[in-house]
Structure formats: structure tokens, C-alpha cells
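Below is one structure, written out as C-alpha cells; comments come after it.
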Amino acid sequence: MRSADLLTDAFERIRAEVAHVIEGLSTEQLVFRIDSDANSIAWLLWHLLRVQDDHVAAVAGTDQVWTSSSWADRFGLPLDVTDTGYNHTPQQVGAVTCDAELLRGYSESVHDATIRFVASVTDNELDRIVDERWDPPVTLGVRLVSVVADDLQHVGQAALVRGIVERK
């Protein structure tokens, strides 16, 4: 198995889990918060997709689909167009509202862009330095694994909230 195949499989699993969490939920369920400081399903999935879109576009040297495919306009959130959700306040979390179809569409768009890039990554390219702000500098391989890890954590959190919503 090539590294590109492994990365493709990892991102395919993320896409499938995001779709599973969204399936059949109303907007009210997507924005449900366990308490006023908690993250909603909508926020968790939007955030993981924004981070994936931002980070993969940066290492691929492409535009984010958030802006290049007008997802920012479609969502119409009261946030800066560059916002990925990092360090959001409870009020900002609450501002992320959307329906399942919008989230699913953005998820598929981010996934397609991600797969186009990772399918072309060679094993040797994984050692390419993509961020020198850290010690040691971050390689492409480390950045992509970091995105996978972050996405899996957030989709797991969203699945937990879904379980709570379904028992309400």
C-alpha cells in the first residue's frame, strides 16, 4: 500500500462518519448544545471541515473550497471568511447554524478537494517541510496525520452529541 492509498482511506472514513452523523438530523438537532458552553454537532462538523479545507489547501497550494466554491456565501455565517473555528467563544459556536444538506454539500466538496491532493502525494513528498514555525518544523506527512487526528476527534464528539440528541 502506498502512502497516498493510506491517506485516501483515512479521509474516506472521515467523510463516511460525517455523513453518518448528519443523516436524518433536523437543523434543531444539529444546533443542539448540551449546555451553553458546549459545541453543537453543526459547529463540530463545520469546524473539522474548515480545518481540513484550510490545512489541505495550504499544503496543496490551492484555494479553499470554502471561498472558491462559494460555501462561505451559502452558509452566510456572521464570521470572518478566514475563520476555521479555532478558539471560538460560546457565542461564536452558537452562531454556526445550518441544515444537514448544507453541511453534507460542504463535506463532499472538501472531501473531493482533499482526495484530489492526497491521491497524488508520493512517499518522498511526505518529508517536505510545510510549516517552519514549529520546532521541529512540520512535514507534509505530519500535517496530514494531524488533520486526520483532529477530524476523527471532532466527528467522534459530534457522534456523542448525536447520541444524546436522539435520546431526548
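Ordered as shown in the C-alpha cells, chains take letters A, B, and onward, while each chain numbers its residues from 1 and ligands are numbered from 1 in the order shown.
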
Any chance you could tabulate, as JSON lines, the residues of stretch 57-129 of chain A at most 9 Å from stretch 134-158 of chain A with each one's nearest atom pair and distance in Å to one decimal, using only C-alpha atoms, in chain and rising number order?
```
{"residue": "A:Val59", "atom": "CA", "partner": "A:Leu140", "partner_atom": "CA", "distance": 7.1}
{"residue": "A:Val118", "atom": "CA", "partner": "A:Leu144", "partner_atom": "CA", "distance": 8.8}
{"residue": "A:Asp123", "atom": "CA", "partner": "A:Gly141", "partner_atom": "CA", "distance": 8.9}
{"residue": "A:Glu125", "atom": "CA", "partner": "A:Leu140", "partner_atom": "CA", "distance": 7.1}
{"residue": "A:Leu126", "atom": "CA", "partner": "A:Gly141", "partner_atom": "CA", "distance": 4.4}
{"residue": "A:Asp127", "atom": "CA", "partner": "A:Thr139", "partner_atom": "CA", "distance": 5.3}
{"residue": "A:Arg128", "atom": "CA", "partner": "A:Thr139", "partner_atom": "CA", "distance": 5.2}
{"residue": "A:Ile129", "atom": "CA", "partner": "A:Thr139", "partner_atom": "CA", "distance": 4.2}
```

What does the file look like for those residues with N, CA and C atoms, as a CSV table (one decimal), in the first residue's frame?
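Below is the file selection-v3.csv, written as the result:
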```csv
chain,number,residue,atom,x,y,z
A,59,VAL,N,-1.2,23.2,2.1
A,59,VAL,CA,-0.1,22.3,1.7
A,59,VAL,C,-0.2,21.9,0.2
A,118,VAL,N,-4.4,14.3,-1.9
A,118,VAL,CA,-3.7,13.2,-1.2
A,118,VAL,C,-3.4,12.0,-2.2
A,123,ASP,N,5.4,9.1,-1.5
A,123,ASP,CA,6.1,8.8,-0.2
A,123,ASP,C,7.2,9.8,0.0
A,125,GLU,N,7.4,12.9,-0.9
A,125,GLU,CA,6.8,14.2,-0.6
A,125,GLU,C,6.4,14.4,0.9
A,126,LEU,N,6.2,13.3,1.5
A,126,LEU,CA,5.7,13.4,2.9
A,126,LEU,C,6.8,14.0,3.9
A,127,ASP,N,8.0,14.1,3.4
A,127,ASP,CA,9.1,14.7,4.2
A,127,ASP,C,9.2,16.2,3.9
A,128,ARG,N,8.5,16.7,3.0
A,128,ARG,CA,8.6,18.1,2.6
A,128,ARG,C,8.1,19.0,3.8
A,129,ILE,N,8.9,20.0,4.2
A,129,ILE,CA,8.6,20.9,5.3
A,129,ILE,C,7.5,21.8,4.8
```

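Once A:Lys168 and its same-chain neighbours fewer than 4 positions away are set aside, A:Gln29, A:Phe32, A:Arg33, A:Ile34, A:Val161, A:Arg162, A:Gly163, A:Ile164 remain within 12 Å of it when counting only C-alpha atoms.
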
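Between A:Trp46 and the candidates A:Thr67, A:Thr27, A:Thr62, A:Thr84, the tightest atom-to-atom separation, counting only C-alpha atoms, involves A:Thr84.
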
Give me, as a list of chain:residue names, all polymer residues having an atom no more than 10 Å from A:Ala113, counting only C-alpha atoms and skipping those fewer than 6 positions away in the same chain. A:Gln52, A:Asp53, A:Val56, A:Ala57, A:Ala60, A:Thr62, A:Asp63, A:Gln64, A:Val65

Next, write the just-selected residues to a file, as a PDB file, in the first residue's frame, keeping C-alpha atoms as the atom set.
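Once written, part.pdb looks like this:
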```
ATOM      1  CA  GLN A  52      -9.374  20.187   6.748  1.00  0.00           C
ATOM      2  CA  ASP A  53     -10.169  22.631   3.939  1.00  0.00           C
ATOM      3  CA  VAL A  56      -5.068  20.759   2.924  1.00  0.00           C
ATOM      4  CA  ALA A  57      -5.441  23.772   0.637  1.00  0.00           C
ATOM      5  CA  ALA A  60      -1.616  21.641  -1.788  1.00  0.00           C
ATOM      6  CA  THR A  62      -4.789  25.584  -3.844  1.00  0.00           C
ATOM      7  CA  ASP A  63      -7.704  27.790  -2.840  1.00  0.00           C
ATOM      8  CA  GLN A  64     -10.005  26.648  -0.077  1.00  0.00           C
ATOM      9  CA  VAL A  65     -13.340  25.399  -1.358  1.00  0.00           C
TER      10      VAL A  65
END
```

Considering only C-alpha atoms, tabulate each residue of stretch 56-152 of chain A that lies at most 8 Å from stretch 9-13 of chain A along with its nearest interatomic pair and the corresponding distance in Å to one decimal; arrange the rows by chain and ascending residue number and present them as CSV.
```
residue,atom,partner,partner_atom,distance
A:His111,CA,A:Phe11,CA,7.2
A:Thr114,CA,A:Phe11,CA,7.8
A:Ile115,CA,A:Phe11,CA,7.4
A:Val148,CA,A:Ala10,CA,6.9
```
